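Enquirer: Pasting a structure here, questions to come.
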Amino acid sequence: MRAREIRLTSWGHHRHADMTAYRPERLPALRQAVRTATADGGSIAYGNGRNYGDLAMRDGGTALLTRRLDRIIEFDAYTGATTLEAGVTFSELHEFATQRGFLPPVTPGTAFVTIGGGVASDVHGKNHDLCGTLGAHIDWIDIVVANGECVRASQTEHPELFAATVGGCGLTGVIAVVRLRLRRQRANAVETREFRVRDLDHFFELMAEHRDKATYTVGWVDALQRGRKLGRGIYQTGEPVLSDLTGPRHGGPTVPFTFPARTLNRHSVSLFNEAYFRRVPAPGRHRVIDYDTFHHPLDAISHWNRLYGRGGFYQFQCVIPDENGIDGVRALLEQVATVGAASFLAVLKTFGAEGFGHLSFPRPGVTLSLDLPARPETRELMHRLEFTTRDSGGRIYLAKDATMSAEGFAEMYPRLERFRSVLAEYDPTGRFESDMSRRLKIRTVP
Ligand SMILES: Cc1cc2nc3c(=O)[nH]c(=O)nc-3n(C[C@H](O)[C@H](O)[C@H](O)COP(=O)(O)OP(=O)(O)OC[C@H]3O[C@@H](n4cnc5c(N)ncnc54)[C@H](O)[C@@H]3O)c2cc1C
């Protein structure tokens, strides 16, 4: 198989890596690529580049591009069990599932994520309180490990490899095939209720009231507000429904070029936030919207990440345990508002049960995510947000992270030693590595 030189970046566009890339189309070619790449000194899988940090790149190393592993192999119309290759995207899976009266059990905030990338980050959707992460709906996975062997892992076969691979950021090997249980549900739309939220106390009241009842819940926060209005925003609940709506699919407007730096500043974001807040009338509203608009609102605008300019942007996402939820989130929002960091994509929502993956992110609590333009002062803010998260007993999401310290990581992920034991067994010489695994010293004790 031919290799080519390639420059890869993440969705945050704040860094890149020069890599040698292989693009296998079938399992034998993938196994060959892993053997060749490992002999060359290390590699990491790259799905569709929808992470925000450095976990799918290894500067100077080898990228195993999975997008062409894109077949849906088997489907059981009775149970919904579906066997598919790791390069299939959620968008493709959704189309396949809805035509047969099913839905993907979990879908992240963009449908352009691959199933392999979804498993490697054990992704969550707006139904986490009730349905958990993607990993909770997987029967087994086939993984090509460092020696080129393909190993099947599940709760009963190689269970430690399974727990290390679900949420394991590609460090155990390349996921080739996934057996996933779809959810039987005829739905193409979401019946949603939106509430205007006055402040953070009001947010927490609404989340407590709806998190165990509504199928989908999510909130948007105006991250520029301080004082009495800190935490104001919109809270949304939703139920899947069948409707005759013909909603917009992908292929809407495109951001045609990378915007000049500082287009997104305190002033422009504050105008956007005011309009976004007022779009929901004061008494709230109730309507039916198409599935994609509800779950993947930004997918309608191609290359929206160019809005942040050439320097790109960071994303910060953490979860704060319920017992410290309101105080932790207040402290984080105060820090962001104080420096006037222009985040127009600030999301607040609740999580249910913890995932079984050793490095799975969600745990019962409240998750806050923020987009922050990558400027010299932003890294300092990210470090302060990390300290506040640690103080609150919380955890930062690896799929979004680019700045966390190795000490912080080890503190937040208590099953790290078990993860390391699996790496020691399946990849003793550390052939699978990423810039993130080096930064966080995942293979060595910090
Ligand atoms: C707009 C937007 C919204 C998002 N919303 C959510 C959300 O709601 N919930 C959520 O959980 N996440 C969310 N994410 C994050 C996204 O789901 C994860 O970053 C996901 O891992 C990206 O998958 P990808 O296919 O693009 O893989 P990449 O970004 O290319 O890679 C991500 C990781 O997966 C590994 N990987 C990819 N394919 C394989 C494979 N076949 N085998 C082994 N490892 C592999 C890579 O090595 C890397 O560690 C969002 C991202 C964006 C851009």
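Ordering of the structure tokens sets the chain letters (A, B, ...); residue numbers start at 1 within each chain; ligands are numbered from 1 in the order shown.
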For ligand 1, return the neighbouring residues as a PDB file with C-alpha atoms, in the first residue's frame (distance at most 7 Å; only C-alpha atoms and all ligand atoms).
Expert:
ATOM      1  CA  SER A  10      -8.055  19.074  14.329  1.00  0.00           C
ATOM      2  CA  TRP A  11     -11.375  20.889  14.268  1.00  0.00           C
ATOM      3  CA  ILE A  44      -2.399   6.786  15.465  1.00  0.00           C
ATOM      4  CA  ALA A  45      -5.822   6.383  13.836  1.00  0.00           C
ATOM      5  CA  TYR A  46      -7.450   9.418  12.268  1.00  0.00           C
ATOM      6  CA  GLY A  47     -11.218   9.289  11.682  1.00  0.00           C
ATOM      7  CA  ASN A  48     -12.797  12.491  10.431  1.00  0.00           C
ATOM      8  CA  GLY A  49     -10.775  15.035  12.439  1.00  0.00           C
ATOM      9  CA  ARG A  50     -13.728  16.263  14.513  1.00  0.00           C
ATOM     10  CA  ASN A  51     -11.737  16.287  17.765  1.00  0.00           C
ATOM     11  CA  TYR A  52     -10.520  19.679  18.986  1.00  0.00           C
ATOM     12  CA  LEU A  55      -5.287  13.122  20.125  1.00  0.00           C
ATOM     13  CA  ALA A  56      -5.517  12.134  16.439  1.00  0.00           C
ATOM     14  CA  THR A  66     -10.036   5.120   8.505  1.00  0.00           C
ATOM     15  CA  ALA A  86     -15.247   2.072  11.816  1.00  0.00           C
ATOM     16  CA  GLY A  87     -15.080   4.719   9.078  1.00  0.00           C
ATOM     17  CA  PRO A 108     -22.713  13.519  19.228  1.00  0.00           C
ATOM     18  CA  GLY A 109     -23.201  17.221  18.414  1.00  0.00           C
ATOM     19  CA  THR A 110     -21.914  16.738  14.859  1.00  0.00           C
ATOM     20  CA  PHE A 112     -19.570  13.986  10.772  1.00  0.00           C
ATOM     21  CA  VAL A 113     -17.865  11.912  13.472  1.00  0.00           C
ATOM     22  CA  THR A 114     -16.930   8.343  12.437  1.00  0.00           C
ATOM     23  CA  ILE A 115     -18.096   5.368  14.480  1.00  0.00           C
ATOM     24  CA  GLY A 116     -14.441   4.532  15.265  1.00  0.00           C
ATOM     25  CA  GLY A 117     -13.823   8.089  16.474  1.00  0.00           C
ATOM     26  CA  GLY A 118     -17.073   7.885  18.434  1.00  0.00           C
ATOM     27  CA  ALA A 120     -12.449   6.002  20.801  1.00  0.00           C
ATOM     28  CA  SER A 121     -13.943   9.020  22.608  1.00  0.00           C
ATOM     29  CA  ASP A 122     -16.928   7.075  24.015  1.00  0.00           C
ATOM     30  CA  VAL A 123     -19.112   9.927  22.828  1.00  0.00           C
ATOM     31  CA  HIS A 124     -22.241  11.211  24.523  1.00  0.00           C
ATOM     32  CA  GLY A 125     -25.315  12.879  23.094  1.00  0.00           C
ATOM     33  CA  LYS A 126     -28.217  14.910  24.432  1.00  0.00           C
ATOM     34  CA  CYS A 169      -8.334   7.695  22.175  1.00  0.00           C
ATOM     35  CA  GLY A 170      -6.943   5.175  19.671  1.00  0.00           C
ATOM     36  CA  LEU A 171      -4.071   4.147  21.947  1.00  0.00           C
ATOM     37  CA  GLY A 173      -5.000   0.007  18.297  1.00  0.00           C
ATOM     38  CA  VAL A 174      -7.234   0.708  15.319  1.00  0.00           C
ATOM     39  CA  ILE A 175     -10.914  -0.192  15.657  1.00  0.00           C
ATOM     40  CA  ALA A 176     -11.873  -1.961  12.423  1.00  0.00           C
ATOM     41  CA  LEU A 298     -23.840  23.578  13.327  1.00  0.00           C
ATOM     42  CA  ALA A 399     -11.577  14.721  22.808  1.00  0.00           C
ATOM     43  CA  LYS A 400     -11.710  18.480  23.336  1.00  0.00           C
TER      44      LYS A 400
END
Enquirer: Near Leu30 in chain A, within 12 Å and counting only C-alpha atoms, which residues show up once chain neighbours fewer than 3 positions away are dropped, as a VMD selection string?
Expert: chain A and resid 1 21 to 27 33 to 38 45 63 to 69 85 to 87 142 to 150 173 to 177
Enquirer: CA of Asn265 in chain A to CA of Leu230 in chain A: how many Å, to one decimal?
Expert: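 One can read the CA of Asn265 in chain A to CA of Leu230 in chain A distance as 18.8 Å.
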Enquirer: So which residues touch Arg285 in chain A within 8 Å, counting only C-alpha atoms, skipping near sequence neighbours fewer than 5 positions away, as a PyMOL selection string?
Expert: chain A and resi 193-195+280
Enquirer: Assign secondary structure with DSSP using the backbone only, and return the residues of range 316-424 of chain A in alpha helix (DSSP H) as number ranges by chain.
Expert: A: 325-339, 378-391, 406-412, 416-424
Enquirer: Considering only C-alpha atoms, state which residue in the set A:Arg330, A:His14, A:Thr82, A:Pro281 is at the smallest distance from Asp54 in chain A.
Expert: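 Closest to Asp54 in chain A of all the choices is A:His14.
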Enquirer: For a quick check of understanding, using only C-alpha atoms, which of A:Ala402, A:Ala3, A:Ile442, A:Val336 has the smallest distance to Leu423 in chain A?
Expert: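 Result for the nearest residue to Leu423 in chain A: A:Ile442.
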Enquirer: What does the distance between CA of Arg431 in chain A and CA of Thr172 in chain A come to in Å, to one decimal place?
Expert: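 For CA of Arg431 in chain A relative to CA of Thr172 in chain A, the distance reads 9.4 Å.
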Enquirer: Using only C-alpha atoms, pick whichever of A:Arg375, A:Gly233, A:Tyr397, A:Ala341 has the shortest atom-to-atom distance to Phe361 in chain A.
Expert: A:Tyr397
Enquirer: Calculated over only C-alpha atoms, which of the candidates A:His295, A:Arg228, A:Arg443, A:His94 has the smallest distance to Thr192 in chain A?
Expert: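 Looking only at the distances to Thr192 in chain A, the closest residue turns out to be A:His295.
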Enquirer: Considering only strand (DSSP E or B) as DSSP defines it on the backbone, what residues of range 184-361 of chain A qualify? List them as a ChimeraX atom specification.
Expert: /A:184,189-197,216-221,233-241,254,285-290,302,313-321,346-351
Enquirer: Write a file of the just-selected residues containing N, CA and C atoms, as a compact mmCIF listing (two decimals), in the first residue's frame.
Expert:
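Done, and the output landed in again34.txt:
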# COMPACT_ATOMS: atom_id res chain seq x y z
N ARG A 184 -34.85 0.93 18.44
CA ARG A 184 -36.05 0.86 17.60
C ARG A 184 -36.91 2.10 17.86
N ALA A 189 -37.85 13.64 13.63
CA ALA A 189 -37.92 15.00 14.16
C ALA A 189 -37.92 14.95 15.69
N VAL A 190 -37.86 16.13 16.28
CA VAL A 190 -37.86 16.23 17.74
C VAL A 190 -38.89 17.26 18.15
N GLU A 191 -39.77 16.85 19.06
CA GLU A 191 -40.72 17.81 19.63
C GLU A 191 -40.02 18.46 20.82
N THR A 192 -39.82 19.75 20.72
CA THR A 192 -38.96 20.39 21.72
C THR A 192 -39.66 21.53 22.46
N ARG A 193 -39.28 21.67 23.72
CA ARG A 193 -39.72 22.83 24.53
C ARG A 193 -38.49 23.62 24.89
N GLU A 194 -38.57 24.94 24.70
CA GLU A 194 -37.43 25.80 25.05
C GLU A 194 -37.83 26.77 26.14
N PHE A 195 -36.96 26.96 27.10
CA PHE A 195 -37.23 27.85 28.23
C PHE A 195 -36.16 28.93 28.25
N ARG A 196 -36.59 30.16 28.47
CA ARG A 196 -35.58 31.18 28.77
C ARG A 196 -35.11 30.99 30.20
N VAL A 197 -33.82 31.06 30.41
CA VAL A 197 -33.28 30.84 31.76
C VAL A 197 -32.73 32.15 32.29
N TYR A 216 -34.22 14.00 25.58
CA TYR A 216 -33.07 14.86 25.25
C TYR A 216 -33.13 16.13 26.09
N THR A 217 -31.99 16.56 26.59
CA THR A 217 -31.91 17.85 27.28
C THR A 217 -30.59 18.51 26.92
N VAL A 218 -30.63 19.84 26.81
CA VAL A 218 -29.39 20.59 26.52
C VAL A 218 -29.63 22.06 26.84
N GLY A 219 -28.58 22.77 27.21
CA GLY A 219 -28.73 24.20 27.51
C GLY A 219 -27.64 25.01 26.82
N TRP A 220 -27.99 26.23 26.46
CA TRP A 220 -27.01 27.19 25.93
C TRP A 220 -26.86 28.30 26.97
N VAL A 221 -25.62 28.67 27.29
CA VAL A 221 -25.38 29.72 28.28
C VAL A 221 -24.75 30.93 27.61
N GLY A 233 -29.59 31.98 29.91
CA GLY A 233 -29.46 31.21 28.66
C GLY A 233 -30.78 30.62 28.22
N ILE A 234 -30.68 29.51 27.51
CA ILE A 234 -31.85 28.80 26.99
C ILE A 234 -31.72 27.34 27.39
N TYR A 235 -32.76 26.74 27.89
CA TYR A 235 -32.75 25.31 28.21
C TYR A 235 -33.78 24.62 27.32
N GLN A 236 -33.41 23.46 26.83
CA GLN A 236 -34.23 22.80 25.82
C GLN A 236 -34.42 21.32 26.19
N THR A 237 -35.65 20.84 26.06
CA THR A 237 -35.90 19.41 26.22
C THR A 237 -36.47 18.89 24.90
N GLY A 238 -36.41 17.59 24.68
CA GLY A 238 -36.92 17.08 23.41
C GLY A 238 -37.34 15.63 23.49
N GLU A 239 -38.29 15.27 22.63
CA GLU A 239 -38.73 13.88 22.47
C GLU A 239 -38.71 13.54 20.98
N PRO A 240 -38.22 12.35 20.62
CA PRO A 240 -38.22 11.97 19.20
C PRO A 240 -39.64 11.74 18.70
N VAL A 241 -39.97 12.26 17.52
CA VAL A 241 -41.31 12.08 16.95
C VAL A 241 -41.19 11.86 15.44
N THR A 254 -21.82 27.89 3.52
CA THR A 254 -20.43 27.57 3.85
C THR A 254 -19.75 28.85 4.32
N ARG A 285 -41.13 28.40 24.27
CA ARG A 285 -41.86 27.97 23.07
C ARG A 285 -41.81 26.45 22.92
N HIS A 286 -42.72 25.98 22.10
CA HIS A 286 -42.95 24.56 21.92
C HIS A 286 -43.07 24.33 20.42
N ARG A 287 -42.25 23.49 19.82
CA ARG A 287 -42.35 23.29 18.37
C ARG A 287 -41.72 21.95 17.99
N VAL A 288 -41.91 21.59 16.74
CA VAL A 288 -41.30 20.36 16.22
C VAL A 288 -40.23 20.79 15.22
N ILE A 289 -39.01 20.28 15.41
CA ILE A 289 -37.94 20.60 14.45
C ILE A 289 -37.31 19.32 13.95
N ASP A 290 -36.65 19.40 12.80
CA ASP A 290 -36.15 18.15 12.24
C ASP A 290 -34.96 17.65 13.09
N SER A 302 -21.12 24.70 6.69
CA SER A 302 -19.83 24.04 6.46
C SER A 302 -18.68 24.94 6.92
N PHE A 313 -9.12 27.90 17.47
CA PHE A 313 -9.74 28.07 18.79
C PHE A 313 -9.57 26.81 19.62
N TYR A 314 -9.69 26.98 20.92
CA TYR A 314 -9.67 25.85 21.84
C TYR A 314 -11.10 25.56 22.26
N GLN A 315 -11.30 24.33 22.63
CA GLN A 315 -12.56 24.04 23.30
C GLN A 315 -12.22 23.52 24.69
N PHE A 316 -13.01 23.95 25.65
CA PHE A 316 -12.86 23.44 27.02
C PHE A 316 -14.16 22.74 27.37
N GLN A 317 -14.08 21.47 27.76
CA GLN A 317 -15.29 20.80 28.26
C GLN A 317 -14.94 20.00 29.50
N CYS A 318 -15.69 20.25 30.55
CA CYS A 318 -15.46 19.49 31.78
C CYS A 318 -16.79 18.99 32.31
N VAL A 319 -16.72 18.03 33.24
CA VAL A 319 -17.92 17.64 33.98
C VAL A 319 -17.61 17.86 35.45
N ILE A 320 -18.57 18.46 36.16
CA ILE A 320 -18.43 18.70 37.60
C ILE A 320 -19.44 17.79 38.29
N PRO A 321 -19.00 17.01 39.31
CA PRO A 321 -19.94 16.11 39.97
C PRO A 321 -21.14 16.87 40.55
N ALA A 346 -21.45 28.06 24.18
CA ALA A 346 -21.28 27.59 25.55
C ALA A 346 -22.47 26.71 25.88
N VAL A 347 -22.18 25.47 26.22
CA VAL A 347 -23.25 24.48 26.42
C VAL A 347 -23.19 23.95 27.84
N LEU A 348 -24.37 23.84 28.45
CA LEU A 348 -24.47 23.31 29.82
C LEU A 348 -25.50 22.20 29.79
N LYS A 349 -25.14 21.03 30.27
CA LYS A 349 -26.14 19.96 30.35
C LYS A 349 -25.74 18.94 31.41
N THR A 350 -26.67 18.05 31.72
CA THR A 350 -26.40 17.06 32.77
C THR A 350 -25.96 15.73 32.18
N PHE A 351 -25.25 14.97 32.98
CA PHE A 351 -24.84 13.61 32.62
C PHE A 351 -25.44 12.63 33.62
